>>> print(open('coords23.txt').read())   # compact mmCIF, C-alpha atoms
# COMPACT_ATOMS: atom_id res chain seq x y z
CA MET I 1 122.36 87.64 112.36
CA LEU I 2 124.27 89.00 109.35
CA LYS I 3 122.37 92.29 109.62
CA THR I 4 123.46 92.58 113.25
CA ALA I 5 127.10 91.98 112.37
CA TYR I 6 127.35 93.89 109.08
CA LYS I 7 124.47 96.38 109.45
CA ASP I 8 123.75 98.17 106.13
CA ASP I 9 126.56 96.28 104.38
CA ALA I 10 124.69 92.99 104.72
CA MET I 11 122.80 91.67 101.74
CA GLY I 12 119.01 91.61 101.96
CA LYS I 13 117.08 88.38 102.35
CA THR I 14 115.45 88.71 98.91
CA GLN I 15 118.82 89.09 97.18
CA VAL I 16 120.22 86.08 99.06
CA PHE I 17 117.32 83.94 97.86
CA GLU I 18 117.75 85.26 94.30
CA TRP I 19 121.46 84.40 94.24
CA PHE I 20 120.80 80.99 95.81
CA SER I 21 118.32 80.21 93.03
CA ARG I 22 120.81 81.34 90.38
CA PHE I 23 123.62 79.22 91.83
CA LYS I 24 121.28 76.24 92.07
CA ARG I 25 120.52 76.62 88.33
CA GLY I 26 124.25 76.65 87.60
CA GLU I 27 124.63 80.39 87.03
CA MET I 28 127.77 81.56 88.80
CA SER I 29 127.63 85.28 88.05
CA THR I 30 126.42 87.72 90.69
CA ASP I 31 125.96 90.50 88.12
CA ASP I 32 122.47 91.63 87.18
CA LYS I 33 121.30 90.51 83.77
CA PRO I 34 120.98 93.31 81.23
CA HIS I 35 117.45 94.63 80.87
CA SER I 36 115.68 97.15 78.71
CA GLY I 37 114.18 100.35 79.93
CA ARG I 38 115.24 103.69 81.19
CA PRO I 39 118.79 103.87 82.55
CA SER I 40 119.02 104.08 86.33
CA THR I 41 121.04 107.27 86.11
CA ALA I 42 121.02 110.40 84.01
CA ARG I 43 124.71 111.10 84.67
CA THR I 44 126.22 111.53 81.25
CA HIS I 45 129.13 113.62 80.05
CA GLU I 46 126.67 115.94 78.27
CA ASN I 47 124.56 116.47 81.42
CA VAL I 48 127.63 117.14 83.56
CA GLU I 49 128.82 119.76 81.04
CA LYS I 50 125.35 121.38 80.89
CA ILE I 51 125.25 121.64 84.67
CA ARG I 52 128.77 123.12 84.82
CA ASP I 53 127.81 125.72 82.20
CA ILE I 54 124.62 126.63 84.08
CA ILE I 55 126.53 127.04 87.35
CA LYS I 56 129.28 129.14 85.67
CA GLU I 57 126.58 131.37 84.20
CA ASP I 58 124.80 131.91 87.53
CA ARG I 59 126.11 130.37 90.77
CA ARG I 60 122.97 131.36 92.67
CA ARG I 61 120.67 128.95 90.85
CA THR I 62 118.91 126.42 93.03
CA ILE I 63 119.09 122.69 92.45
CA GLU I 64 115.43 122.73 91.40
CA GLU I 65 116.16 125.36 88.73
CA ILE I 66 119.10 123.36 87.40
CA VAL I 67 117.00 120.20 87.24
CA GLU I 68 114.31 122.09 85.29
CA LEU I 69 116.93 123.21 82.77
CA VAL I 70 118.73 119.87 82.38
CA ALA I 71 116.34 117.01 83.05
CA ALA I 72 113.98 115.82 80.37
CA LYS I 73 110.55 114.66 81.39
CA PHE I 74 109.83 110.99 80.99
CA VAL I 75 106.92 110.56 78.61
CA PRO I 76 105.70 107.00 78.28
CA ARG I 77 105.44 105.46 74.83
CA LEU I 78 102.15 103.65 74.69
CA THR I 79 101.32 100.73 72.43
CA ALA I 80 98.18 100.79 70.29
CA GLU I 81 96.59 98.28 72.69
CA GLN I 82 97.37 100.50 75.71
CA LYS I 83 95.91 103.54 73.96
CA GLN I 84 92.78 101.60 73.07
CA GLY I 85 92.59 100.39 76.68
CA HIS I 86 92.74 104.01 77.89
CA VAL I 87 89.91 105.02 75.57
CA GLU I 88 87.77 102.05 76.63
CA ALA I 89 88.41 102.76 80.33
CA CYS I 90 87.48 106.44 79.87
CA CYS I 91 84.30 105.51 78.02
CA ALA I 92 83.39 103.03 80.77
CA LEU I 93 84.04 105.64 83.48
CA LYS I 94 81.87 108.17 81.64
CA GLU I 95 79.08 105.58 81.50
CA VAL I 96 79.42 104.88 85.23
CA SER I 97 79.39 108.61 85.98
CA ARG I 98 76.19 109.06 83.95
CA ASN I 99 74.48 106.27 85.88
CA ASP I 100 75.93 106.90 89.34
CA GLN I 101 76.95 110.45 90.19
CA ASN I 102 78.03 109.32 93.66
CA PHE I 103 80.97 107.58 91.95
CA PHE I 104 83.00 110.80 92.19
CA LEU I 105 82.46 111.20 95.92
CA PHE I 106 84.61 108.25 96.97
CA PRO I 107 88.12 109.69 96.40
CA ARG I 108 87.24 112.77 98.49
CA MET I 109 85.60 110.67 101.18
CA LYS I 110 88.59 108.33 101.24
CA ARG I 111 90.94 111.30 101.71
CA ASP I 112 88.93 112.51 104.71
CA MET I 113 88.81 109.08 106.37
CA LYS I 114 92.25 107.69 105.49
CA GLY I 115 94.31 106.43 108.40
CA LYS I 116 91.50 106.58 110.96
CA ARG I 117 90.42 103.68 113.16
CA PHE I 118 86.81 102.96 114.03
CA ALA I 119 85.39 101.10 117.01
CA ASP I 120 82.46 99.53 115.15
CA VAL I 121 80.28 99.65 112.03
CA ALA I 122 78.05 102.32 113.56
CA GLU I 123 81.03 104.66 113.90
CA VAL I 124 82.05 103.96 110.29
CA LYS I 125 78.55 104.91 109.14
CA GLU I 126 78.61 108.06 111.26
CA LYS I 127 82.02 109.22 110.00
CA THR I 128 81.08 108.38 106.39
CA THR I 129 77.94 110.48 106.68
CA GLU I 130 79.96 113.36 108.16
CA ALA I 131 82.57 113.13 105.37
CA LEU I 132 79.89 113.10 102.66
CA SER I 133 77.99 115.96 104.28
CA SER I 134 81.15 118.09 104.37
CA ILE I 135 81.35 118.09 100.55
CA SER I 136 79.60 121.16 99.21
CA LYS I 137 77.39 120.96 96.14
CA ASP I 138 79.74 123.34 94.33
CA GLU I 139 82.79 121.20 95.17
CA PHE I 140 80.97 118.09 93.98
CA ARG I 141 79.93 119.82 90.73
CA GLN I 142 83.50 121.03 90.08
CA CYS I 143 84.94 117.58 90.73
CA PHE I 144 82.39 115.99 88.41
CA GLU I 145 83.12 118.53 85.66
CA LYS I 146 86.92 118.08 85.97
CA TRP I 147 86.62 114.31 85.76
CA ASN I 148 84.41 114.51 82.69
CA LYS I 149 86.71 117.05 81.04
CA ARG I 150 89.71 114.77 81.63
CA LEU I 151 87.85 111.70 80.36
CA ASP I 152 86.79 113.63 77.24
CA LYS I 153 90.40 114.74 76.69
CA CYS I 154 91.65 111.13 76.91
CA ILE I 155 89.04 110.04 74.39
CA SER I 156 89.74 112.99 72.04
CA VAL I 157 93.49 112.22 71.92
CA SER I 158 92.76 108.53 71.26
CA GLY I 159 94.32 107.35 74.52
CA GLU I 160 97.67 109.14 73.98
CA TYR I 161 99.57 110.31 77.07
CA PHE I 162 98.87 113.90 78.08
CA GLU I 163 99.49 116.13 81.07
CA GLY I 164 97.31 118.70 82.76
CA ASP I 165 93.82 119.70 81.78
>>> encode(input="coords23.txt", output="structure tokens")
Amino acid sequence: MLKTAYKDDAMGKTQVFEWFSRFKRGEMSTDDKPHSGRPSTARTHENVEKIRDIIKEDRRRTIEEIVELVAAKFVPRLTAEQKQGHVEACCALKEVSRNDQNFFLFPRMKRDMKGKRFADVAEVKEKTTEALSSISKDEFRQCFEKWNKRLDKCISVSGEYFEGD
């Protein structure tokens, strides 16, 4: 009813329940509690000045070009436990891939079949067979090699974050 009357200005159901719980516990503030993590905005005086300078230098730059010049990439800081978890997961995946080379077929097959509806199990089997048959041996080999290369890279950098191949 509030959504009908106030449209986008109405508070969502989840927020109403959250505030109700807070008030019930005796908290009377509607402000969010401070939390750690990345700030929700990158609008700082320094960034505004950088953008102004870039635009003064060349007004024909696209927004994408400006973002490339100003925005820093977010690189996660991993704990020792997370790094060790990455290494263990990569080792486990390498073991699975040694024992079951069909393991690498599923993401491709899923992509081909995603969002489709099937009348019965027989049709699922038929479409699965078609999807698997459409994967060439060369494509399968390349996929397998890329996965193994990436797993090896993860292991060689001791679970640290990395991008690309």
>>> residues_near_point(input="coords23.txt", point="(87.5, 102.4, 77.8)", cutoff="12 Å", atoms="only C-alpha atoms", output="ChimeraX atom specification")
/I:81-96,151-152,154-155,158-159
>>> closest_residue(input="coords23.txt", among="I:Phe144, I:Gly115, I:Met109, I:Ile66", to="I:Lys127", atoms="all atoms listed in the file")
I:Met109
>>> closest_residue(input="coords23.txt", among="I:Ser97, I:Phe162, I:Asp120, I:Thr128", to="I:Asn148", atoms="only C-alpha atoms")
I:Ser97
>>> closest_residue(input="coords23.txt", among="I:Glu145, I:Val70, I:Ser133, I:Ala80", to="I:Asn47", atoms="all atoms listed in the file")
I:Val70
>>> atom_distance(input="coords23.txt", atom1="atom CA of I:Ala122", atom2="atom CA of I:Ser136")
23.7 Å
>>> atom_distance(input="coords23.txt", atom1="atom CA of I:Tyr6", atom2="atom CA of I:Trp19")
18.6 Å
>>> atom_distance(input="coords23.txt", atom1="atom CA of I:Asp112", atom2="atom CA of I:Ile135")
10.3 Å
>>> closest_residue(input="coords23.txt", among="I:Phe140, I:Glu126, I:Ile51, I:Ala119", to="I:Val67", atoms="all atoms listed in the file")
I:Ile51
